[in-house]
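Below: the structure, in structure tokens.
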Amino acid sequence: MSDGTRLAARIWMPEGAESEPVPAILEYIPYRRRDNTRMRDDVMHPYFAAHGYACVRVDLRGSGDSEGVLEDEYLQQELDDGVDVIRWIAAQPWCAGRVGMIGISWGGFNGLQIAAMRPPELAAVVTVASTDDRYADDVHHMGGCLLGDNLSWASTMLAFNSLPPDPQIVGERWREMWFERLRGSGLWLEKWLEHQRRDEYWQHGSVCEDWDAIECPVMAVSGWTDGYTNSVFRLMEHLRVPRLGLVGPWSHKYPHQGVPGPAIGFLQECLRWWDKWLKDIETDIMDEPMLRAWMQCSAPPTTFYERREGRWVGETQWPSPEIRSRELALAWPGTLEPGERHIDEAVMSIQSPLSVGIFAGKWCSYAATPDLPHDQREEDGGALVFDSHRLSGPLEILGAPTLELAVSADRPVAMVAVRLSDVAPDDKATRVTYGLLNLTHRHGSEQPEPLVPGERYRVTVRLNHIAHVFPTGHRLRLSISTSYWPLAWPAPAPARLTLFTGTSRLVLPERPRRDDEDALIDFPPAEGARPTSIRTVEPGQHKWRVIRDLETDETTLEVINDDGTIHIGPANLEMQRKALEWYSYRGYDYLSPKGETLWERGYRRGDWSVRTVTRTKLTATRTHFVIHAELDAWEGDKRVHSDNWDVEIPRDLV
């Protein structure tokens, strides 16, 4: 790097690249290229290399075998390093000078962020499961509400940042580098909770601050059970460069590994993209519709789908002139009525129990556990529910439904959670999409304002984008609640919302069928290089358990995400990974919610054995969030490092 720091990389090259240079593809993330992402990397990057590209997988500063300390997400140092890496790649004798970036999640983020810095060597980007707005659509907040995944993700990174480099790569310096990380990375949860509104901290790295800064072509990809779907639609709407959007049924995974299925030949699609923009080969990739999306068929509710039935649909531009608004008015005593009808205003109210949300699943599904929402009838008892009449014909939607709501509250801080469900003739209710709004953020998240109790407001709740077919004979259900724990942290005190029907309405993005055009969209089956040789040493387990103690009136969601121990053949390395999470509440006590996490990570090769254990607990009073966290590092049977944090952070209208 410019300051002399060395970053570690794996490089795959086509034979003969030293004499006949080729374009390069960079993936730049903190998740340890030698072990943690090795299985995924070895499917994708050799495949691209076999088709004429040099592929470079780089560990961020302070991660894997790279030098330095990783102190937070998307710091300017990370982006500056990325520009240095691209410049270095382009200058190598095996590189023809053009570089593309590909990445999922973190790598999708910094692909966009580095593109906005406009390094001249960067010719195109494929960004998967990422965001253009770090406040509105990331793991930390949604609609101004604090997400439970904020704790989960902070705990994940506390564990990652505690891991040492591999002595086989860095030599005797491994222990010195390890202790530098253990002492220097810090408690990221504390940093994030210090920024509860959309301030400069979140604006940094949010490319929506200046769309025109991105001047290279962008392919943006996500899935309907991923947490980052909305950004694909905003990127299609606001970027002014050649661009394509692709949204399948998948969770937080590359589409060639897509679960729920069907997985697709995503690597072949990427090759069409790279050949066009890195080699000037005409592949007709830009003749595809700007947006291709999987129109999901109705399905019974379950926490895990192997596959979602449906079909591909396409739009040549976004927003699409083909999408029309269908309005449904909220009416007494709980119906959705066609918008052209005159609806008298009625007054309804709700103060939800904390149980609403316990079956909501994760904000972002990783498909590693049964983490999708359960039958919504489990949740609807604590919500205001509005049902449509049974449909006389199928209804297809593509886009973001919105709820225009006339409402008042009896407290200065309150939230509203909105769910849209597909109710089958047997009454099973499958959540289709949902949205959250911290009502103090009704005018935006830069300057939230407390509510005036009893004052009437008109607010808009935007639900997540979705493509879904409601079949003939089914009903639409809109459910409105004042809590959604543990997906989102509840308000400091239970608030009662008063809703005024008639002028409150649900607006659906209805898409007419265009079967002749849509039938032209197709993808080949998934391909990839041969996976890494791994052997299971100790099996893992993945479970979600809801535990209800009727004696104490305490409910706990227990998440077990245990990968066990595997042996990675090429590195001759054993790797252990286990994460446990508990989210609990007691009765109707809005100050009782508690999130706890425990991570264990370890590596072993011969006599070399290291492991780390991290624990984090987040609770809240009416005025503060309270963090207790621990980090212990072990070398063999000896504990060699220990840190403890006890932190209180004021609540900022959350």
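FYI, nothing fancy with the structure tokens labels: chains A, B, ... in order, residues from 1 per chain, ligands from 1 as they appear.
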
_Residue contacts of segment 564-574 of chain A (8 Å, only C-alpha atoms) excluding same-chain residues fewer than 6 positions away, as a PyMOL selection string_ = chain A and resi 34-35+532-541+603-605

N, CA and C atoms of the current selection, written as an mmCIF file, in the first residue's frame:
```cif
data_model
loop_
_atom_site.group_PDB
_atom_site.id
_atom_site.type_symbol
_atom_site.label_atom_id
_atom_site.label_comp_id
_atom_site.auth_asym_id
_atom_site.auth_seq_id
_atom_site.Cartn_x
_atom_site.Cartn_y
_atom_site.Cartn_z
ATOM 1 N N ARG A 34 -7.782 -17.471 2.953
ATOM 2 C CA ARG A 34 -7.064 -18.748 3.025
ATOM 3 C C ARG A 34 -7.912 -19.854 3.648
ATOM 4 N N ASP A 35 -8.934 -19.472 4.436
ATOM 5 C CA ASP A 35 -9.731 -20.499 5.102
ATOM 6 C C ASP A 35 -11.229 -20.211 5.014
ATOM 7 N N THR A 532 -13.229 -26.959 -3.056
ATOM 8 C CA THR A 532 -12.092 -27.297 -2.210
ATOM 9 C C THR A 532 -12.313 -28.638 -1.519
ATOM 10 N N SER A 533 -11.220 -29.349 -1.308
ATOM 11 C CA SER A 533 -11.270 -30.596 -0.555
ATOM 12 C C SER A 533 -11.374 -30.287 0.934
ATOM 13 N N ILE A 534 -12.537 -30.613 1.540
ATOM 14 C CA ILE A 534 -12.696 -30.419 2.982
ATOM 15 C C ILE A 534 -13.221 -31.713 3.597
ATOM 16 N N ARG A 535 -12.941 -31.879 4.885
ATOM 17 C CA ARG A 535 -13.386 -33.060 5.615
ATOM 18 C C ARG A 535 -14.008 -32.607 6.927
ATOM 19 N N THR A 536 -15.163 -33.163 7.253
ATOM 20 C CA THR A 536 -15.816 -32.824 8.515
ATOM 21 C C THR A 536 -15.138 -33.551 9.661
ATOM 22 N N VAL A 537 -14.656 -32.779 10.633
ATOM 23 C CA VAL A 537 -14.035 -33.346 11.832
ATOM 24 C C VAL A 537 -15.072 -33.492 12.937
ATOM 25 N N GLU A 538 -15.852 -32.437 13.156
ATOM 26 C CA GLU A 538 -16.953 -32.471 14.111
ATOM 27 C C GLU A 538 -18.167 -31.848 13.427
ATOM 28 N N PRO A 539 -19.311 -32.536 13.392
ATOM 29 C CA PRO A 539 -20.489 -31.978 12.701
ATOM 30 C C PRO A 539 -21.063 -30.791 13.451
ATOM 31 N N GLY A 540 -21.727 -29.915 12.724
ATOM 32 C CA GLY A 540 -22.374 -28.757 13.324
ATOM 33 C C GLY A 540 -23.875 -28.957 13.397
ATOM 34 N N GLN A 541 -24.575 -27.882 13.755
ATOM 35 C CA GLN A 541 -26.029 -27.904 13.778
ATOM 36 C C GLN A 541 -26.559 -26.486 13.606
ATOM 37 N N TYR A 603 -8.536 -22.367 15.246
ATOM 38 C CA TYR A 603 -7.715 -22.964 14.190
ATOM 39 C C TYR A 603 -6.693 -23.898 14.818
ATOM 40 N N ARG A 604 -6.386 -24.982 14.079
ATOM 41 C CA ARG A 604 -5.395 -25.936 14.575
ATOM 42 C C ARG A 604 -4.638 -26.538 13.397
ATOM 43 N N ARG A 605 -3.331 -26.584 13.536
ATOM 44 C CA ARG A 605 -2.466 -27.290 12.585
ATOM 45 C C ARG A 605 -1.284 -27.821 13.385
#
```

If you take only C-alpha atoms and a cut-off of 12 Å, which residues of segment 525-587 of chain A touch segment 302-315 of chain A, and what are their nearest atom pairs and distances in Å to one decimal, in chain and number order, as CSV?
```
residue,atom,partner,partner_atom,distance
A:His542,CA,A:Phe304,CA,11.9
A:Lys543,CA,A:Thr303,CA,10.8
A:Trp544,CA,A:Thr303,CA,9.4
A:Arg545,CA,A:Thr303,CA,11.7
```

Could you turn the residues from that selection into a file that holds C-alpha atoms, as a compact mmCIF listing (two decimals), in the first residue's frame?
```
# COMPACT_ATOMS: atom_id res chain seq x y z
CA HIS A 542 -28.35 -25.07 12.78
CA LYS A 543 -31.54 -24.43 14.74
CA TRP A 544 -34.03 -21.72 15.68
CA ARG A 545 -35.93 -22.40 18.90
```

_Report as a count of residues only all protein, DNA and RNA residues lying within 12 Å of Glu288 of chain A, evaluated on only C-alpha atoms, omitting residues in the same chain fewer than 2 positions from it._
28

Would you mind listing what lies within 7 Å of Gly334 of chain A as a PDB file with N, CA and C atoms, in the first residue's frame, with only C-alpha atoms counted and same-chain residues fewer than 2 positions away left out?
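Result file is selection.pdb:
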```
ATOM      1  N   ALA A 331     -60.521  -0.064   5.997  1.00  0.00           N
ATOM      2  CA  ALA A 331     -61.906   0.208   6.385  1.00  0.00           C
ATOM      3  C   ALA A 331     -62.268  -0.560   7.649  1.00  0.00           C
ATOM      4  N   TRP A 332     -63.260  -0.006   8.355  1.00  0.00           N
ATOM      5  CA  TRP A 332     -63.826  -0.679   9.523  1.00  0.00           C
ATOM      6  C   TRP A 332     -64.675  -1.861   9.042  1.00  0.00           C
ATOM      7  N   VAL A 385     -55.547  -5.989  11.861  1.00  0.00           N
ATOM      8  CA  VAL A 385     -55.517  -6.803  10.652  1.00  0.00           C
ATOM      9  C   VAL A 385     -56.619  -6.335   9.698  1.00  0.00           C
ATOM     10  N   PHE A 386     -56.231  -6.153   8.426  1.00  0.00           N
ATOM     11  CA  PHE A 386     -57.165  -5.745   7.381  1.00  0.00           C
ATOM     12  C   PHE A 386     -57.067  -6.757   6.241  1.00  0.00           C
ATOM     13  N   ASP A 387     -58.163  -7.409   5.903  1.00  0.00           N
ATOM     14  CA  ASP A 387     -58.199  -8.420   4.851  1.00  0.00           C
ATOM     15  C   ASP A 387     -58.957  -7.903   3.637  1.00  0.00           C
TER      16      ASP A 387
END
```

_So that I can check the surroundings of Glu180 of chain A, please list as number ranges by chain every protein, DNA and RNA residue that reaches within 12 Å of it, counting only C-alpha atoms and ignoring chain neighbours fewer than 6 positions away._
A: 62-63, 67-71, 161-165, 173-174, 186, 641

What does the file look like for those residues with N, CA and C atoms, as an mmCIF file, in the first residue's frame?
```
data_model
loop_
_atom_site.group_PDB
_atom_site.id
_atom_site.type_symbol
_atom_site.label_atom_id
_atom_site.label_comp_id
_atom_site.auth_asym_id
_atom_site.auth_seq_id
_atom_site.Cartn_x
_atom_site.Cartn_y
_atom_site.Cartn_z
ATOM 1 N N GLY A 62 -5.732 -5.618 8.079
ATOM 2 C CA GLY A 62 -6.125 -6.068 9.405
ATOM 3 C C GLY A 62 -6.959 -7.327 9.426
ATOM 4 N N SER A 63 -7.139 -7.989 8.281
ATOM 5 C CA SER A 63 -7.913 -9.230 8.238
ATOM 6 C C SER A 63 -7.100 -10.321 7.553
ATOM 7 N N GLU A 67 -1.468 -7.207 6.836
ATOM 8 C CA GLU A 67 -0.950 -6.432 7.966
ATOM 9 C C GLU A 67 -1.942 -5.352 8.373
ATOM 10 N N GLY A 68 -1.711 -4.757 9.556
ATOM 11 C CA GLY A 68 -2.522 -3.643 10.021
ATOM 12 C C GLY A 68 -3.683 -4.090 10.887
ATOM 13 N N VAL A 69 -4.573 -3.142 11.174
ATOM 14 C CA VAL A 69 -5.722 -3.366 12.041
ATOM 15 C C VAL A 69 -6.978 -2.881 11.326
ATOM 16 N N LEU A 70 -8.053 -3.681 11.395
ATOM 17 C CA LEU A 70 -9.340 -3.303 10.825
ATOM 18 C C LEU A 70 -10.176 -2.690 11.941
ATOM 19 N N GLU A 71 -10.470 -1.395 11.834
ATOM 20 C CA GLU A 71 -11.102 -0.667 12.931
ATOM 21 C C GLU A 71 -12.585 -0.397 12.722
ATOM 22 N N ASN A 161 -12.508 -10.188 13.857
ATOM 23 C CA ASN A 161 -11.367 -9.307 14.085
ATOM 24 C C ASN A 161 -10.422 -9.828 15.158
ATOM 25 N N SER A 162 -10.856 -10.853 15.897
ATOM 26 C CA SER A 162 -10.010 -11.416 16.943
ATOM 27 C C SER A 162 -9.087 -12.509 16.431
ATOM 28 N N LEU A 163 -9.188 -12.867 15.148
ATOM 29 C CA LEU A 163 -8.464 -14.029 14.639
ATOM 30 C C LEU A 163 -7.069 -13.658 14.145
ATOM 31 N N PRO A 164 -6.110 -14.565 14.301
ATOM 32 C CA PRO A 164 -4.728 -14.274 13.892
ATOM 33 C C PRO A 164 -4.495 -14.582 12.421
ATOM 34 N N PRO A 165 -3.398 -14.068 11.877
ATOM 35 C CA PRO A 165 -2.972 -14.527 10.557
ATOM 36 C C PRO A 165 -2.400 -15.937 10.651
ATOM 37 N N ARG A 173 6.030 -13.555 12.692
ATOM 38 C CA ARG A 173 5.344 -12.315 13.081
ATOM 39 C C ARG A 173 3.878 -12.537 13.423
ATOM 40 N N TRP A 174 3.386 -13.750 13.276
ATOM 41 C CA TRP A 174 1.944 -13.975 13.406
ATOM 42 C C TRP A 174 1.422 -13.535 14.767
ATOM 43 N N GLY A 186 -11.224 -2.868 18.475
ATOM 44 C CA GLY A 186 -12.272 -2.165 19.212
ATOM 45 C C GLY A 186 -13.619 -2.846 19.160
ATOM 46 N N HIS A 641 -5.008 -13.260 26.124
ATOM 47 C CA HIS A 641 -5.533 -11.896 26.015
ATOM 48 C C HIS A 641 -6.966 -11.892 26.518
#
```

_If you run DSSP on the backbone here, which positions in segment 137-166 of chain A get helix (DSSP H, G or I)? Please write them as a count of residues only._
14

*Of the candidates A:Arg505, A:Arg456, A:Lys362, A:Arg477, which one gets nearest to Leu330 of chain A if we count only C-alpha atoms?*
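Of A:Arg505, A:Arg456, A:Lys362, A:Arg477, the one nearest Leu330 of chain A is A:Arg505, counting only C-alpha atoms.
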
Which residues of segment 576-613 of chain A come within 7 Å of segment 478-502 of chain A, and for each one, what is the closest pair of atoms and their distance in Å to one decimal, counting only C-alpha atoms, sorted by chain and residue number, as a tab-separated table?
```
residue	atom	partner	partner_atom	distance
A:Tyr583	CA	A:Pro486	CA	6.4
A:Tyr590	CA	A:Ala493	CA	5.6
A:Leu591	CA	A:Pro492	CA	6.6
```

Only N, CA and C atoms, please: the residues just picked out, written as a PDB file, in the first residue's frame.
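File written: again_23.pdb
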```
ATOM      1  N   TYR A 583     -32.410 -13.977  22.106  1.00  0.00           N
ATOM      2  CA  TYR A 583     -33.177 -12.730  22.147  1.00  0.00           C
ATOM      3  C   TYR A 583     -34.408 -12.998  23.012  1.00  0.00           C
ATOM      4  N   TYR A 590     -41.482  -3.448  28.358  1.00  0.00           N
ATOM      5  CA  TYR A 590     -40.745  -2.956  27.187  1.00  0.00           C
ATOM      6  C   TYR A 590     -39.277  -2.664  27.492  1.00  0.00           C
ATOM      7  N   LEU A 591     -38.871  -2.714  28.752  1.00  0.00           N
ATOM      8  CA  LEU A 591     -37.453  -2.564  29.096  1.00  0.00           C
ATOM      9  C   LEU A 591     -36.783  -3.914  29.338  1.00  0.00           C
TER      10      LEU A 591
END
```

*Would you return as a PyMOL selection string the members of segment 320-553 of chain A that DSSP assigns to strand (DSSP E) on this structure's backbone?*
chain A and resi 324-331+335-338+347-350+384-387+395-399+402-409+415-423+429-438+457-462+466-470+475-481+497-510+534-538+541-549

*Separation of atom CA of Leu405 of chain A and atom CA of Thr503 of chain A, in Å?*
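Distance between the two atoms: 7.5 Å.
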
*Using only C-alpha atoms, which residue out of A:Leu193, A:Cys270, A:Ile343, A:Val241 lies closest to Arg651 of chain A?*
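Nearest candidate to Arg651 of chain A out of A:Leu193, A:Cys270, A:Ile343, A:Val241: A:Leu193.
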
*Please identify all polymer residues within 10 Å of Gly227 of chain A, counting only C-alpha atoms, omitting same-chain residues fewer than 5 positions from it, and present them as a PyMOL selection string.*
chain A and resi 105+129-131+137-139+222+251-252+362-366+464

Print the selection's residues with N, CA and C atoms to a file, as a short mmCIF file (atom, residue, chain, number, x, y, z; two decimals), in the first residue's frame.
```cif
data_model
loop_
_atom_site.label_atom_id
_atom_site.label_comp_id
_atom_site.auth_asym_id
_atom_site.auth_seq_id
_atom_site.Cartn_x
_atom_site.Cartn_y
_atom_site.Cartn_z
N SER A 105 -22.11 -8.66 -0.43
CA SER A 105 -22.18 -8.03 0.89
C SER A 105 -21.05 -7.01 1.01
N ALA A 129 -25.85 -8.24 -3.26
CA ALA A 129 -26.32 -8.13 -1.87
C ALA A 129 -25.63 -6.98 -1.15
N SER A 130 -25.76 -5.79 -1.71
CA SER A 130 -25.09 -4.61 -1.16
C SER A 130 -26.09 -3.46 -1.08
N THR A 131 -25.60 -2.29 -0.70
CA THR A 131 -26.50 -1.15 -0.59
C THR A 131 -25.83 0.13 -1.07
N ASP A 137 -30.66 1.00 4.32
CA ASP A 137 -30.75 -0.40 3.92
C ASP A 137 -29.45 -1.13 4.19
N ASP A 138 -29.11 -1.24 5.45
CA ASP A 138 -28.00 -2.10 5.86
C ASP A 138 -28.42 -2.80 7.13
N VAL A 139 -27.52 -3.52 7.71
CA VAL A 139 -27.80 -4.39 8.84
C VAL A 139 -28.10 -3.62 10.12
N SER A 222 -29.43 -9.15 -6.18
CA SER A 222 -29.87 -9.49 -4.83
C SER A 222 -30.92 -10.59 -4.93
N SER A 251 -31.39 -16.03 -0.91
CA SER A 251 -31.00 -15.37 0.33
C SER A 251 -29.66 -14.65 0.09
N HIS A 252 -28.88 -14.47 1.15
CA HIS A 252 -27.64 -13.69 1.09
C HIS A 252 -26.51 -14.56 0.55
N LYS A 362 -35.12 -13.50 10.27
CA LYS A 362 -34.05 -12.50 10.29
C LYS A 362 -34.32 -11.40 9.28
N TRP A 363 -33.75 -10.21 9.57
CA TRP A 363 -33.80 -9.13 8.60
C TRP A 363 -33.12 -9.56 7.30
N CYS A 364 -32.01 -10.27 7.41
CA CYS A 364 -31.30 -10.78 6.24
C CYS A 364 -31.12 -12.28 6.41
N SER A 365 -31.72 -13.06 5.52
CA SER A 365 -31.61 -14.51 5.60
C SER A 365 -30.29 -14.96 4.99
N TYR A 366 -29.58 -15.80 5.74
CA TYR A 366 -28.34 -16.38 5.23
C TYR A 366 -28.54 -17.83 4.78
N ASN A 464 -40.65 -3.36 1.73
CA ASN A 464 -39.57 -3.84 0.87
C ASN A 464 -40.09 -4.23 -0.51
#
```

*May I ask which of the residues A:Pro593, A:Gly100, A:Pro338, A:Pro370 is the closest one to Cys216 of chain A, counting only C-alpha atoms?*
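With only C-alpha atoms as the atom set, the closest residue is A:Gly100.
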
*Using only C-alpha atoms: which of A:Asp422, A:Asp275, A:Glu15, A:Asp132 has the shortest distance to Glu237 of chain A*: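 For Glu237 of chain A, the nearest of the candidates is A:Asp132.
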